[in-house]
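Comments concern the structure below.
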Amino acid sequence: MTTTTAATRPAALRTEGLSKTFPGTRALSDLTIEIGAGEVHALAGSNGSGKSTFIKLLAGYHQPDPGYSAWFGGQPLDLDAPGADRPPGLRFIHQDLGLVLELDAVDNFGLKCGYATRRGSIDWREQARRTQRALSRFGIGIDIHQPLSQAAPVERTVLAIAAAIEGWDEAGGLLVLDEPTAALPHAEVEVLFQIIGEVVAAGASILYVSHRLDEIFTIADTVSVLRAGRLVETRPVEGLTGDGIAALMAGADVDTDVRPQPFVRRPDSVPAIEAVDLRGRYLRGVDLTVHPGEIVGVAGLLGSGREELPYVLAGARADSATGRIRAGGEPWRTIERGGFQHALVPADRLAEGIIGELPVQDNVALPALRTLGRHGLMVGDAESRMAVDVIERVGLVPADPSRLMSTLSGGNQQKVVVGRWLTEERPVLILSEPTAGVDIAARMALFRLLIEAAEEGLGMVVASSDVHDLIHLCTRVIVLREGVVTRELEQDEVTESTLLRVMEGLES
Amino acid sequence: MNSSRPAVDASESGARSSSNVLVAPRRRSVGDLLGPKRIGAVYVWVVIAVVLVLLKPDTILTTSTLTQILNNSAITGLAALALLIPLAARTFDLSIGFVMSLAGVTAAHFAATGMNIVPAVLLALGAALAVGLINATVVVVMRVDSFIGTLATGSIVAAFITMVTKEQDITDVKLTGAFSKIGQTDLGGVTLPVIYALIVALVLWAFLERTTTGRRIYSVGFNPEAAKLAGIRADRLRFASLVCSAGIAGVAGIALASTIGAGSPTSGQSYLLPAFAAAFLGATQLRPGRFNAMGTVIAVLVLTTGTTGLALVLAPAWAADLFTGVVLIAALTITGAERRGLRGAKGSLAALRARFRPTTTNPE
C-alpha cells in the first residue's frame with residue numbers, strides 16, 4: 001500500500017477484503033485498496049479485471065460478498081446499503097454520464113441536484129442561474145437551453161461533473177470517474193483534465209478509471225493495477241513506464257498454450273471476405289481482406305470503430321454505413337443496400353445473441369431454419385440431431401438441448417452462439433467481444449474451437465477490447481484509431497504491450 | 001467458395017458422441033404437463049364449475065348450459081386467436097374490434113342487397129385484409145409503435161364505418177336467409193362459429209408449434225435483435241402477422257354479424273378487451289410465457305364459464321367484467337412471479353432499482 005499523500009488526513013477511501021462473486025465467476029477477490037486524501041488515483045486493468053465491478057460495488061449497484069471492511073474519510077462505509085445512502089462526499093461519473101440527452105442542461109442539472117422552487121412551482125430563472133453558476137467555474141460556454149444531444153461530448157461530460165459535484169464539500173470528497181474520456185475526442189480530453197485539476201486543487205480526491213495509459217501518466221499520482229479480479233500492485237506513477245503498467249496488466253501468468261499455427265495463404269484461395277472503404281458512425285474508410293483459415297483481429301479503443309466494424313461487415317448496419325463487401329468470391333454488394341447477412345457473434349450476448357426464453361435446441365437452429373424445415377414444416381428429429389451435433393462440438397455442459405438458454409452460464413451461452421454458425425459451410429465468421437463475461441476455462445475452450453474451425457478453412461474476424469482474445473486467436477491484427485487502420489500487426493508482433501501501445505497511440 | 005472445411009456430417013458427429021456422455025432431451029412427464037404450472041386455469045375452471053353447481057345444481061348441469069358456454073365462447077375465441085400471431089411477434093393489434101365491425105357491416109350490407117353470400121363474405125374478408133395491410137404498413141414500414149399505430153388505424157376504421165352506416169344497424173329480411181346460416185347453423189346445440197374457432201385454433205397451434213415460420217415468429221417476439229442478427233427477417237414476419245390478425249378478425253366479425261342477424265357498426269369493439277384478456281391468460285397455459293392457441297382456447301372457456309355462470313346465478317351485470325379483470329391479474333401475477341424467479345428475484349430488484357437511479361447504472 002502507498003502511504004497517503006496528506007498524512008494528516010484520513011484516506012478518502014479504504015477497502016479491505018472486498019470480494020464479489022457472480023454465479024460462475026469471481027469478479028473481484030479480496031481487494032484491499034486505499035485512495036489517499038487529495039490524490040488522483042488511477043485504476044488500470046484489462047477487461048474482466050474487476051475494475052467496473054469495483055466501481056459498481058462502490059456505487060451500490062452490486063452488493064459485495066460478506067466479510068469486507070470499508071471506510072470513507074475514516075468513517076465506516078456500508079457497501080450493502082443502496083446507492084442512495086452513500087455518504088454525500090462520494091460522487092460518481094459513470095461512463096454513460098447518466099444524462100437525458102433530449103433535455104437541456106437546466107433540466108439535467110435539476111434532475112440531478114433538485115429544482116429551485118418558488119411557491120410550489122419551478123423557479124426557472126433561479127434554476128437557470130444555478131446551472132450557469134455551476135458550469136461557469138469550469139469556464140465553458142454552453143447554451144444551457146439547447147437539448148444535450150446537440151452539445152459537444154466534452155460539454156456533456158463537464159455538465160455531468162458539474163452536477164455530480166454540486167454542493168459537496170470538496171475537501172473530504174471523492175469523485176469517481178469511470179472512463180470519462182471513452183467518448184471524448186482527443187482535443188477535448190485536455191479540457192477535462194483541467195477541470196479535474198481544479199477539483200483536486202479544491203481538496204477532493206479522484207478515483208480515475210481508464211483504458212488509456214497515456215492519461216494515467218498525465219493526471220494520476222498513484223496507479224492500482226487489477227488483473228483477473230485481484231489487485232496486482234499499487235504504486236506511485238512517478239518512475240513507471242507505459243510498458244511497465246502494460247506488463248502489470250498482462251501479468252506473467254498468461255496461458256500461451258493456445259495459439260493458432262502461423263497462417264499460410266494457399267496460392268489458389270479466394271478471399272473469405274473482402275471489404276472496401278467501410279464508413280459509418282466511427283469508421284472513416286477501412287479496407288479488409290480475410291482469407292480462408294485466417295483469423296484477423298480488430299483492436300482499438302472505444303470509439304475507434306472497433307465496435308462498429310463487425311456489424312458493418314455482417315451486413316447489420318445497412319442504415320448507417322456504406323462500403324462494398326463480397327464473401328467467398330460472390331459478386332460485390334453495397335452495404336447501404338443491405339439484404340445480406342454474414343455469420344455474426346454479437347458483442348452483447350443477452351440483448352443480441354441469445355433468445356433466453358427458448359431452449360438451447362431452438363437457439364442452435366435459428367440460422368438454419370431454412371434448411372431444417374421441409375416445406376416449412378419442422379418434421380422428424382433433424383433439429384435435435386443438429387443441436388446434439390453442435391453441443392458435442394462446442395462441449396456444452398450439461399449437454400442438454402432442452403434446457404432454457406437463459407439458465408446457462410455466460411460461457412455456455414457463448415458456445416451455443418458460436419456453435420450455431422458452424423452447422424453449415426460458411427465462408428466467414430465475424431465475432432465481436434467473443435469472450436466478454438466468459439470464464440477462463442470456457443474462454444480457452446472457445447479459442448480452441450475457433451482455431452479448429454479456422455484450420456478447416458473458415459475465415460474469421462475477431463473484434464475485441466480484450467487483448468488476450470487477439471493474442472490467443474489471431475493470425476494477424478489490424479489496429480483501428482479514429483476510424484482508420486493505423487497499424488497492421490503480424491502474428492509474431494502481437495503482444496499485449498505492443499497492442500496497448502499502438503492502441504494508445506504511443507507507437508504508430 | 002473453395003473452402004476446404006468439411007461440413008459437420010453425421011458420421012463425424014456420431015463418432016464424437018460415443019466419446020462423450022450426452023444427456024437425453026428431457027421428456028415431459030404427465031405431472032409436468034398436467035401440473036398447475038401448465039394448466040392452472042383448468043383448476044380455476046373446476047373450482048368455478050363446482051361453485052356454480054353447488055349454487056344452482058338444477059340449471060348448471062344441463063346440456064343447454066354447456067352448449068351455451070361453448071357458443072358464447074366462439075366469437076371471443078376467434079377474436080383472441082386473431083391476436084395470437086402479432087402478440088407472439090411482440091406486436092399489438094388494437095384494431096381488431098373495429099375490423100370485426102367493418103367485416104360484419106360489409107358482409108351484412110352486401111347480403112342485404114341480395115348478393116350471394118359467397119361474394120359478400122369474400123368482400124368482407126377483403127375489407128378486413130385491406131385494414132391489415134394498412135396496419136402493417138403503418139407499423140412496419142412507417143415504424144409507428146404498434147400499440148399506438150393500430151389504435152390510430154382502428155379509429156380511422158371506426159370513422160369510416162360511422163360515415164357509411166350513419167350509426168344505423170344494417171338489418172334486412174334477406175339477412176335471415178342464407179346469411180344467418182353462417183353463424184346460426186346448429187349442430188346438436190353447438191353453433192358453427194364454435195367449429196370455426198376450433199379449426200382456427202388447430203391451424204394456429206400447428207403453425208406456431210410445427211413450422212419454421214412459427215419458430216421464427218416466437219424468436220422475433222422474444223428477442224427481435226438477436227433474431228435479426230441470426231438472419232431472420234423480423235420486419236417481414238411482423239408485417240404478415242398484422243395481415244393475419246385482420247383476416248381472422250374479419251372471420252370473427254362475419255360470424256358475429258350472422259349470429260346477431262344484422263350488421264352492427266359497433267358490435268366488434270366490445271370484443272377487444274375480452275380477446276386480449278384471453279390471449280394473455282392463454283399465454284400462461286400449456287406453454288407458459290408463450291402466446292399459444294390451445295392455451296388461449298382454455299382461457300376463453302374459463303372466462304366464458306365464469307361470466308356465463310355469474311349470469312345464471314343472477315349476479316349483477318358488472319360481476320362479469322370484475323371476474324375477467326381479477327382472473328387476468330391473478331394469472332399474470334402468478335406466472336410473472338414464476339418467470340422472474342427463474343432469473344433470480346435479486347436480478348429484477350436490481351433492475352428496478354437501476355431504473356429509478358439511472359446514475360448508478362453502468363454497463364461496461
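Identifiers in this document derive from the order of the C-alpha cells: chains are assigned A, B, ..., residues are numbered from 1 separately in each chain, and ligands are numbered from 1 in order of occurrence.
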Within 12 Å of range 126-137 of chain B, which residues of range 146-171 of chain B show up? Give each one with its shortest atom-to-atom distance in Å (one decimal) and the two atoms involved, counting only C-alpha atoms, rows by chain then rising residue number, as JSON lines.
{"residue": "B:Ser146", "atom": "CA", "partner": "B:Asn135", "partner_atom": "CA", "distance": 8.3}
{"residue": "B:Phe147", "atom": "CA", "partner": "B:Asn135", "partner_atom": "CA", "distance": 10.7}
{"residue": "B:Ile148", "atom": "CA", "partner": "B:Asn135", "partner_atom": "CA", "distance": 10.7}
{"residue": "B:Gly149", "atom": "CA", "partner": "B:Asn135", "partner_atom": "CA", "distance": 7.2}
{"residue": "B:Thr150", "atom": "CA", "partner": "B:Asn135", "partner_atom": "CA", "distance": 6.0}
{"residue": "B:Leu151", "atom": "CA", "partner": "B:Asn135", "partner_atom": "CA", "distance": 9.5}
{"residue": "B:Ala152", "atom": "CA", "partner": "B:Asn135", "partner_atom": "CA", "distance": 9.2}
{"residue": "B:Thr153", "atom": "CA", "partner": "B:Asn135", "partner_atom": "CA", "distance": 6.6}
{"residue": "B:Gly154", "atom": "CA", "partner": "B:Val131", "partner_atom": "CA", "distance": 8.7}
{"residue": "B:Ser155", "atom": "CA", "partner": "B:Val131", "partner_atom": "CA", "distance": 11.5}
{"residue": "B:Ile156", "atom": "CA", "partner": "B:Val131", "partner_atom": "CA", "distance": 9.9}
{"residue": "B:Val157", "atom": "CA", "partner": "B:Val131", "partner_atom": "CA", "distance": 7.9}
{"residue": "B:Ala158", "atom": "CA", "partner": "B:Val131", "partner_atom": "CA", "distance": 11.4}
{"residue": "B:Phe160", "atom": "CA", "partner": "B:Val131", "partner_atom": "CA", "distance": 11.4}
{"residue": "B:Ile161", "atom": "CA", "partner": "B:Ala127", "partner_atom": "CA", "distance": 11.5}
Atoms to include: all heavy atoms. Write the selected residues as a short mmCIF file (atom, residue, chain, number, x, y, z; two decimals), in the first residue's frame.
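Listed below is the output, again.cif:
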data_model
loop_
_atom_site.label_atom_id
_atom_site.label_comp_id
_atom_site.auth_asym_id
_atom_site.auth_seq_id
_atom_site.Cartn_x
_atom_site.Cartn_y
_atom_site.Cartn_z
N SER B 146 -46.57 -0.26 -32.61
CA SER B 146 -47.79 -0.99 -32.98
C SER B 146 -48.95 -0.65 -32.05
O SER B 146 -50.10 -0.60 -32.48
CB SER B 146 -47.52 -2.49 -32.96
OG SER B 146 -47.23 -2.93 -31.64
N PHE B 147 -48.66 -0.42 -30.79
CA PHE B 147 -49.72 -0.16 -29.83
C PHE B 147 -50.52 1.08 -30.25
O PHE B 147 -51.74 1.05 -30.35
CB PHE B 147 -49.10 0.07 -28.44
CG PHE B 147 -50.07 -0.08 -27.32
CD1 PHE B 147 -50.24 -1.30 -26.70
CD2 PHE B 147 -50.80 1.00 -26.88
CE1 PHE B 147 -51.15 -1.44 -25.66
CE2 PHE B 147 -51.71 0.85 -25.84
CZ PHE B 147 -51.88 -0.36 -25.23
N ILE B 148 -49.82 2.14 -30.55
CA ILE B 148 -50.50 3.39 -30.89
C ILE B 148 -50.88 3.39 -32.37
O ILE B 148 -51.92 3.94 -32.74
CB ILE B 148 -49.60 4.59 -30.51
CG1 ILE B 148 -50.45 5.78 -30.14
CG2 ILE B 148 -48.59 4.93 -31.55
CD1 ILE B 148 -51.18 5.59 -28.84
N GLY B 149 -50.10 2.75 -33.20
CA GLY B 149 -50.38 2.72 -34.64
C GLY B 149 -51.69 2.03 -34.96
O GLY B 149 -52.51 2.54 -35.73
N THR B 150 -51.93 0.87 -34.33
CA THR B 150 -53.16 0.15 -34.63
C THR B 150 -54.36 0.78 -33.92
O THR B 150 -55.50 0.65 -34.36
CB THR B 150 -53.05 -1.33 -34.22
OG1 THR B 150 -52.65 -1.42 -32.86
CG2 THR B 150 -52.03 -2.05 -35.10
N LEU B 151 -54.08 1.49 -32.82
CA LEU B 151 -55.16 2.26 -32.19
C LEU B 151 -55.62 3.34 -33.17
O LEU B 151 -56.81 3.59 -33.34
CB LEU B 151 -54.64 2.88 -30.90
CG LEU B 151 -55.66 3.38 -29.88
CD1 LEU B 151 -56.54 2.23 -29.42
CD2 LEU B 151 -54.94 4.01 -28.69
N ALA B 152 -54.65 3.97 -33.83
CA ALA B 152 -54.96 5.04 -34.77
C ALA B 152 -55.71 4.50 -35.98
O ALA B 152 -56.75 5.06 -36.38
CB ALA B 152 -53.67 5.72 -35.21
N THR B 153 -55.21 3.40 -36.56
CA THR B 153 -55.92 2.87 -37.73
C THR B 153 -57.32 2.40 -37.32
O THR B 153 -58.28 2.57 -38.09
CB THR B 153 -55.15 1.70 -38.36
OG1 THR B 153 -54.90 0.73 -37.36
CG2 THR B 153 -53.84 2.15 -38.97
N GLY B 154 -57.43 1.84 -36.12
CA GLY B 154 -58.75 1.42 -35.64
C GLY B 154 -59.71 2.59 -35.59
O GLY B 154 -60.88 2.49 -35.99
N SER B 155 -59.20 3.72 -35.13
CA SER B 155 -60.03 4.92 -35.05
C SER B 155 -60.48 5.34 -36.45
O SER B 155 -61.64 5.75 -36.64
CB SER B 155 -59.22 6.03 -34.39
OG SER B 155 -59.91 7.23 -34.44
N ILE B 156 -59.58 5.23 -37.41
CA ILE B 156 -59.94 5.60 -38.79
C ILE B 156 -61.00 4.64 -39.33
O ILE B 156 -61.97 5.07 -39.97
CB ILE B 156 -58.67 5.60 -39.68
CG1 ILE B 156 -57.73 6.71 -39.21
CG2 ILE B 156 -59.04 5.77 -41.15
CD1 ILE B 156 -56.35 6.64 -39.83
N VAL B 157 -60.84 3.35 -39.04
CA VAL B 157 -61.83 2.37 -39.48
C VAL B 157 -63.18 2.68 -38.85
O VAL B 157 -64.23 2.66 -39.53
CB VAL B 157 -61.37 0.94 -39.12
CG1 VAL B 157 -62.50 -0.06 -39.38
CG2 VAL B 157 -60.14 0.56 -39.91
N ALA B 158 -63.16 3.02 -37.55
CA ALA B 158 -64.41 3.36 -36.86
C ALA B 158 -65.09 4.55 -37.54
O ALA B 158 -66.31 4.55 -37.76
CB ALA B 158 -64.14 3.66 -35.40
N PHE B 160 -64.78 5.50 -40.62
CA PHE B 160 -65.28 5.05 -41.93
C PHE B 160 -66.62 4.32 -41.77
O PHE B 160 -67.57 4.57 -42.52
CB PHE B 160 -64.23 4.14 -42.56
CG PHE B 160 -64.65 3.54 -43.87
CD1 PHE B 160 -64.64 4.31 -45.04
CD2 PHE B 160 -65.07 2.22 -43.94
CE1 PHE B 160 -65.03 3.75 -46.23
CE2 PHE B 160 -65.47 1.67 -45.14
CZ PHE B 160 -65.45 2.44 -46.29
N ILE B 161 -66.69 3.43 -40.76
CA ILE B 161 -67.94 2.68 -40.55
C ILE B 161 -69.08 3.63 -40.23
O ILE B 161 -70.18 3.54 -40.80
CB ILE B 161 -67.76 1.67 -39.39
CG1 ILE B 161 -66.72 0.61 -39.76
CG2 ILE B 161 -69.09 1.00 -39.05
CD1 ILE B 161 -66.34 -0.29 -38.59
#
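Contact shell of Ala84 in chain A at 9 Å (only C-alpha atoms; same-chain neighbours under 3 positions omitted): A:Ala59, A:Gly60, A:Ala81, A:Pro87, B:Arg357.
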Interface rows for chain A against chain B: nearest pair, Å to one decimal, 6 Å, only C-alpha atoms, as a tab-separated table:
residue	atom	partner	partner_atom	distance
A:Gly98	CA	B:Thr359	CA	4.9
A:Gly328	CA	B:Met1	CA	4.6
A:Glu352	CA	B:Ala226	CA	4.0
A:Gly353	CA	B:Ala226	CA	4.9
A:Ile355	CA	B:Asn223	CA	5.8
A:Pro367	CA	B:Ala230	CA	5.2
A:Leu369	CA	B:Thr212	CA	5.9
A:Gly373	CA	B:Thr212	CA	6.0
A:Gly376	CA	B:Thr212	CA	5.4
A:Leu377	CA	B:Thr211	CA	4.2
A:Met378	CA	B:Thr211	CA	5.2
A:Asp389	CA	B:Ser13	CA	5.7
A:Ala399	CA	B:Val23	CA	5.5
A:Asp400	CA	B:Val23	CA	5.3
A:Ser402	CA	B:Pro25	CA	5.6
A:Glu424	CA	B:Ala7	CA	5.9
A:Glu425	CA	B:Ala7	CA	5.5
A:Glu456	CA	B:Arg5	CA	4.1
A:Gly457	CA	B:Arg5	CA	4.7
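CA of Leu248 in chain A is found 23.7 Å from CA of Leu480 in chain A.
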Tell me which of B:Asn72, B:Thr304, B:Asn292, B:Ser241 sits closest to Gly183 in chain B, counting only C-alpha atoms.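 Residue with the minimum atom-to-atom distance to Gly183 in chain B: B:Asn72.
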Which of range 145-322 of chain B DSSP labels alpha helix (DSSP H), written as a PyMOL selection string: chain B and resi 146-165+178-184+192-210+212-222+224-229+234-260+272-282+293-312+318-322
Give me the residues near Leu422 in chain A as number ranges by chain, where near means some atom within 10 Å (using only C-alpha atoms) and where sequence neighbours in that chain fewer than 6 positions away do not count. A: 343, 364, 389-390, 393-394, 416, 429, 450, 453, 458; B: 7-8
Requested write-out: all heavy atoms of the selected residues, as a PDB file, in the first residue's frame:
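The result, written out as selection.pdb:
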ATOM      1  N   ALA A 343     -22.392 -14.550 -40.878  1.00  0.00           N
ATOM      2  CA  ALA A 343     -22.459 -15.090 -39.529  1.00  0.00           C
ATOM      3  C   ALA A 343     -21.787 -14.140 -38.547  1.00  0.00           C
ATOM      4  O   ALA A 343     -20.624 -13.787 -38.704  1.00  0.00           O
ATOM      5  CB  ALA A 343     -21.785 -16.452 -39.492  1.00  0.00           C
ATOM      6  N   VAL A 364     -29.870 -22.976 -31.331  1.00  0.00           N
ATOM      7  CA  VAL A 364     -28.929 -23.530 -32.303  1.00  0.00           C
ATOM      8  C   VAL A 364     -29.530 -23.481 -33.700  1.00  0.00           C
ATOM      9  O   VAL A 364     -28.883 -23.106 -34.679  1.00  0.00           O
ATOM     10  CB  VAL A 364     -28.564 -24.989 -31.941  1.00  0.00           C
ATOM     11  CG1 VAL A 364     -27.847 -25.650 -33.099  1.00  0.00           C
ATOM     12  CG2 VAL A 364     -27.684 -25.021 -30.701  1.00  0.00           C
ATOM     13  N   ASP A 389     -25.301 -32.381 -32.362  1.00  0.00           N
ATOM     14  CA  ASP A 389     -24.003 -32.210 -33.025  1.00  0.00           C
ATOM     15  C   ASP A 389     -23.263 -30.988 -32.500  1.00  0.00           C
ATOM     16  O   ASP A 389     -22.078 -31.046 -32.169  1.00  0.00           O
ATOM     17  CB  ASP A 389     -24.200 -32.032 -34.543  1.00  0.00           C
ATOM     18  CG  ASP A 389     -24.466 -33.361 -35.227  1.00  0.00           C
ATOM     19  OD1 ASP A 389     -24.372 -34.387 -34.532  1.00  0.00           O
ATOM     20  OD2 ASP A 389     -24.763 -33.355 -36.433  1.00  0.00           O
ATOM     21  N   VAL A 390     -23.995 -29.865 -32.457  1.00  0.00           N
ATOM     22  CA  VAL A 390     -23.361 -28.621 -32.024  1.00  0.00           C
ATOM     23  C   VAL A 390     -22.920 -28.734 -30.568  1.00  0.00           C
ATOM     24  O   VAL A 390     -21.811 -28.329 -30.205  1.00  0.00           O
ATOM     25  CB  VAL A 390     -24.322 -27.430 -32.230  1.00  0.00           C
ATOM     26  CG1 VAL A 390     -23.813 -26.191 -31.496  1.00  0.00           C
ATOM     27  CG2 VAL A 390     -24.479 -27.147 -33.707  1.00  0.00           C
ATOM     28  N   ARG A 393     -19.820 -30.632 -30.424  1.00  0.00           N
ATOM     29  CA  ARG A 393     -18.665 -29.950 -30.987  1.00  0.00           C
ATOM     30  C   ARG A 393     -18.144 -28.864 -30.058  1.00  0.00           C
ATOM     31  O   ARG A 393     -16.948 -28.693 -29.904  1.00  0.00           O
ATOM     32  CB  ARG A 393     -19.056 -29.348 -32.341  1.00  0.00           C
ATOM     33  CG  ARG A 393     -17.920 -28.632 -32.976  1.00  0.00           C
ATOM     34  CD  ARG A 393     -18.081 -28.482 -34.459  1.00  0.00           C
ATOM     35  NE  ARG A 393     -16.856 -27.897 -34.975  1.00  0.00           N
ATOM     36  CZ  ARG A 393     -16.674 -27.578 -36.224  1.00  0.00           C
ATOM     37  NH1 ARG A 393     -17.611 -27.787 -37.107  1.00  0.00           N
ATOM     38  NH2 ARG A 393     -15.535 -27.031 -36.617  1.00  0.00           N
ATOM     39  N   VAL A 394     -19.055 -28.107 -29.447  1.00  0.00           N
ATOM     40  CA  VAL A 394     -18.606 -26.998 -28.605  1.00  0.00           C
ATOM     41  C   VAL A 394     -18.380 -27.432 -27.164  1.00  0.00           C
ATOM     42  O   VAL A 394     -17.873 -26.660 -26.356  1.00  0.00           O
ATOM     43  CB  VAL A 394     -19.598 -25.813 -28.637  1.00  0.00           C
ATOM     44  CG1 VAL A 394     -19.822 -25.348 -30.052  1.00  0.00           C
ATOM     45  CG2 VAL A 394     -20.915 -26.184 -27.975  1.00  0.00           C
ATOM     46  N   VAL A 416     -22.926 -21.769 -27.513  1.00  0.00           N
ATOM     47  CA  VAL A 416     -24.077 -22.018 -28.382  1.00  0.00           C
ATOM     48  C   VAL A 416     -24.129 -20.979 -29.504  1.00  0.00           C
ATOM     49  O   VAL A 416     -24.356 -21.309 -30.670  1.00  0.00           O
ATOM     50  CB  VAL A 416     -25.385 -21.998 -27.567  1.00  0.00           C
ATOM     51  CG1 VAL A 416     -26.595 -22.076 -28.487  1.00  0.00           C
ATOM     52  CG2 VAL A 416     -25.408 -23.145 -26.576  1.00  0.00           C
ATOM     53  N   LEU A 429     -16.831 -16.093 -40.411  1.00  0.00           N
ATOM     54  CA  LEU A 429     -17.500 -15.911 -39.124  1.00  0.00           C
ATOM     55  C   LEU A 429     -16.933 -14.642 -38.500  1.00  0.00           C
ATOM     56  O   LEU A 429     -15.716 -14.476 -38.414  1.00  0.00           O
ATOM     57  CB  LEU A 429     -17.239 -17.120 -38.216  1.00  0.00           C
ATOM     58  CG  LEU A 429     -17.750 -17.028 -36.775  1.00  0.00           C
ATOM     59  CD1 LEU A 429     -19.254 -16.862 -36.746  1.00  0.00           C
ATOM     60  CD2 LEU A 429     -17.356 -18.265 -35.989  1.00  0.00           C
ATOM     61  N   LEU A 450     -12.540 -22.219 -32.061  1.00  0.00           N
ATOM     62  CA  LEU A 450     -12.466 -21.270 -33.169  1.00  0.00           C
ATOM     63  C   LEU A 450     -11.235 -21.555 -34.037  1.00  0.00           C
ATOM     64  O   LEU A 450     -11.301 -21.490 -35.265  1.00  0.00           O
ATOM     65  CB  LEU A 450     -12.435 -19.833 -32.633  1.00  0.00           C
ATOM     66  CG  LEU A 450     -13.758 -19.363 -32.007  1.00  0.00           C
ATOM     67  CD1 LEU A 450     -13.583 -18.049 -31.263  1.00  0.00           C
ATOM     68  CD2 LEU A 450     -14.836 -19.216 -33.073  1.00  0.00           C
ATOM     69  N   ALA A 453     -11.955 -24.463 -36.189  1.00  0.00           N
ATOM     70  CA  ALA A 453     -12.828 -24.114 -37.313  1.00  0.00           C
ATOM     71  C   ALA A 453     -12.037 -23.391 -38.399  1.00  0.00           C
ATOM     72  O   ALA A 453     -12.265 -23.602 -39.593  1.00  0.00           O
ATOM     73  CB  ALA A 453     -13.984 -23.245 -36.827  1.00  0.00           C
ATOM     74  N   LEU A 458     -12.409 -21.904 -42.383  1.00  0.00           N
ATOM     75  CA  LEU A 458     -13.288 -20.771 -42.122  1.00  0.00           C
ATOM     76  C   LEU A 458     -12.439 -19.502 -41.961  1.00  0.00           C
ATOM     77  O   LEU A 458     -11.430 -19.523 -41.269  1.00  0.00           O
ATOM     78  CB  LEU A 458     -14.081 -21.048 -40.840  1.00  0.00           C
ATOM     79  CG  LEU A 458     -15.166 -20.074 -40.411  1.00  0.00           C
ATOM     80  CD1 LEU A 458     -16.298 -20.058 -41.420  1.00  0.00           C
ATOM     81  CD2 LEU A 458     -15.708 -20.480 -39.048  1.00  0.00           C
TER      82      LEU A 458
ATOM     83  N   ALA B   7     -18.333 -29.918 -43.939  1.00  0.00           N
ATOM     84  CA  ALA B   7     -19.498 -29.648 -43.100  1.00  0.00           C
ATOM     85  C   ALA B   7     -19.530 -30.697 -41.996  1.00  0.00           C
ATOM     86  O   ALA B   7     -18.949 -31.772 -42.121  1.00  0.00           O
ATOM     87  CB  ALA B   7     -20.758 -29.726 -43.929  1.00  0.00           C
ATOM     88  N   VAL B   8     -20.196 -30.362 -40.922  1.00  0.00           N
ATOM     89  CA  VAL B   8     -20.317 -31.335 -39.842  1.00  0.00           C
ATOM     90  C   VAL B   8     -21.265 -32.419 -40.319  1.00  0.00           C
ATOM     91  O   VAL B   8     -22.458 -32.204 -40.454  1.00  0.00           O
ATOM     92  CB  VAL B   8     -20.906 -30.663 -38.590  1.00  0.00           C
ATOM     93  CG1 VAL B   8     -20.996 -31.670 -37.456  1.00  0.00           C
ATOM     94  CG2 VAL B   8     -20.035 -29.492 -38.186  1.00  0.00           C
TER      95      VAL B   8
END
Contacts of Thr407 in chain A within 10 Å, only C-alpha atoms, excl. fewer than 3 positions in-chain, as JSON, numbers by chain: {"A": [356, 357, 359, 360, 403, 404, 410, 412, 413], "B": [342, 343]}
Keeping C-alpha atoms, export the residues of the selection given above as a compact mmCIF listing (two decimals), in the first residue's frame.
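So result_1.txt came out as:
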# COMPACT_ATOMS: atom_id res chain seq x y z
CA GLY A 356 -33.30 -16.77 -23.35
CA GLU A 357 -36.91 -17.90 -23.34
CA PRO A 359 -34.28 -23.86 -25.28
CA VAL A 360 -30.72 -24.46 -26.46
CA ARG A 403 -32.52 -26.51 -21.29
CA LEU A 404 -33.70 -22.93 -21.44
CA GLY A 410 -22.20 -16.95 -19.93
CA ASN A 412 -22.01 -21.93 -22.28
CA GLN A 413 -24.32 -19.38 -23.88
CA LEU B 342 -36.14 -18.04 -12.96
CA ARG B 343 -33.76 -15.15 -13.33
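Shortest atom-to-atom contact with Ala247 in chain A among A:Ala351, A:Ala44, A:Val345, A:Ala204: A:Ala44, counting only C-alpha atoms.
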Can you pull out every residue within 12 Å of range 235-244 of chain A, counting only C-alpha atoms, but drop anything in the same chain fewer than 4 positions away, and send it as a VMD selection string? chain A and resid 1 to 5 33 to 36 39 to 44 211 to 225 231 248 to 251 495 to 502 504 to 507
Find the nearest atom pair between each residue of range 227-334 of chain B and range 109-121 of chain B for residues within 9 Å, count only C-alpha atoms, give distances in Å to one decimal, sort rows by chain and ascending number, and present the table as a Markdown table.
| residue | atom | partner | partner_atom | distance |
| --- | --- | --- | --- | --- |
| B:Val251 | CA | B:Val121 | CA | 8.8 |
| B:Ile254 | CA | B:Val121 | CA | 7.2 |
| B:Ala262 | CA | B:His109 | CA | 9.0 |
| B:Gly263 | CA | B:His109 | CA | 7.0 |
Output of the above residues as a PDB file, in the first residue's frame, restricted to all heavy atoms:
ATOM      1  N   VAL B 251     -63.067 -12.887 -40.094  1.00  0.00           N
ATOM      2  CA  VAL B 251     -63.894 -14.092 -39.914  1.00  0.00           C
ATOM      3  C   VAL B 251     -64.771 -13.924 -38.683  1.00  0.00           C
ATOM      4  O   VAL B 251     -65.992 -14.196 -38.709  1.00  0.00           O
ATOM      5  CB  VAL B 251     -63.000 -15.337 -39.788  1.00  0.00           C
ATOM      6  CG1 VAL B 251     -63.831 -16.555 -39.399  1.00  0.00           C
ATOM      7  CG2 VAL B 251     -62.245 -15.590 -41.086  1.00  0.00           C
ATOM      8  N   ILE B 254     -67.664 -11.472 -39.363  1.00  0.00           N
ATOM      9  CA  ILE B 254     -68.725 -12.009 -40.219  1.00  0.00           C
ATOM     10  C   ILE B 254     -69.586 -12.983 -39.417  1.00  0.00           C
ATOM     11  O   ILE B 254     -70.825 -12.935 -39.464  1.00  0.00           O
ATOM     12  CB  ILE B 254     -68.113 -12.712 -41.454  1.00  0.00           C
ATOM     13  CG1 ILE B 254     -67.388 -11.692 -42.335  1.00  0.00           C
ATOM     14  CG2 ILE B 254     -69.199 -13.430 -42.255  1.00  0.00           C
ATOM     15  CD1 ILE B 254     -66.431 -12.304 -43.338  1.00  0.00           C
ATOM     16  N   ALA B 262     -77.520  -9.092 -38.090  1.00  0.00           N
ATOM     17  CA  ALA B 262     -77.502  -7.692 -38.503  1.00  0.00           C
ATOM     18  C   ALA B 262     -76.070  -7.221 -38.619  1.00  0.00           C
ATOM     19  O   ALA B 262     -75.165  -7.796 -38.011  1.00  0.00           O
ATOM     20  CB  ALA B 262     -78.242  -6.823 -37.484  1.00  0.00           C
ATOM     21  N   GLY B 263     -75.851  -6.162 -39.404  1.00  0.00           N
ATOM     22  CA  GLY B 263     -74.532  -5.552 -39.457  1.00  0.00           C
ATOM     23  C   GLY B 263     -74.497  -4.387 -38.490  1.00  0.00           C
ATOM     24  O   GLY B 263     -74.971  -3.306 -38.796  1.00  0.00           O
TER      25      GLY B 263
END
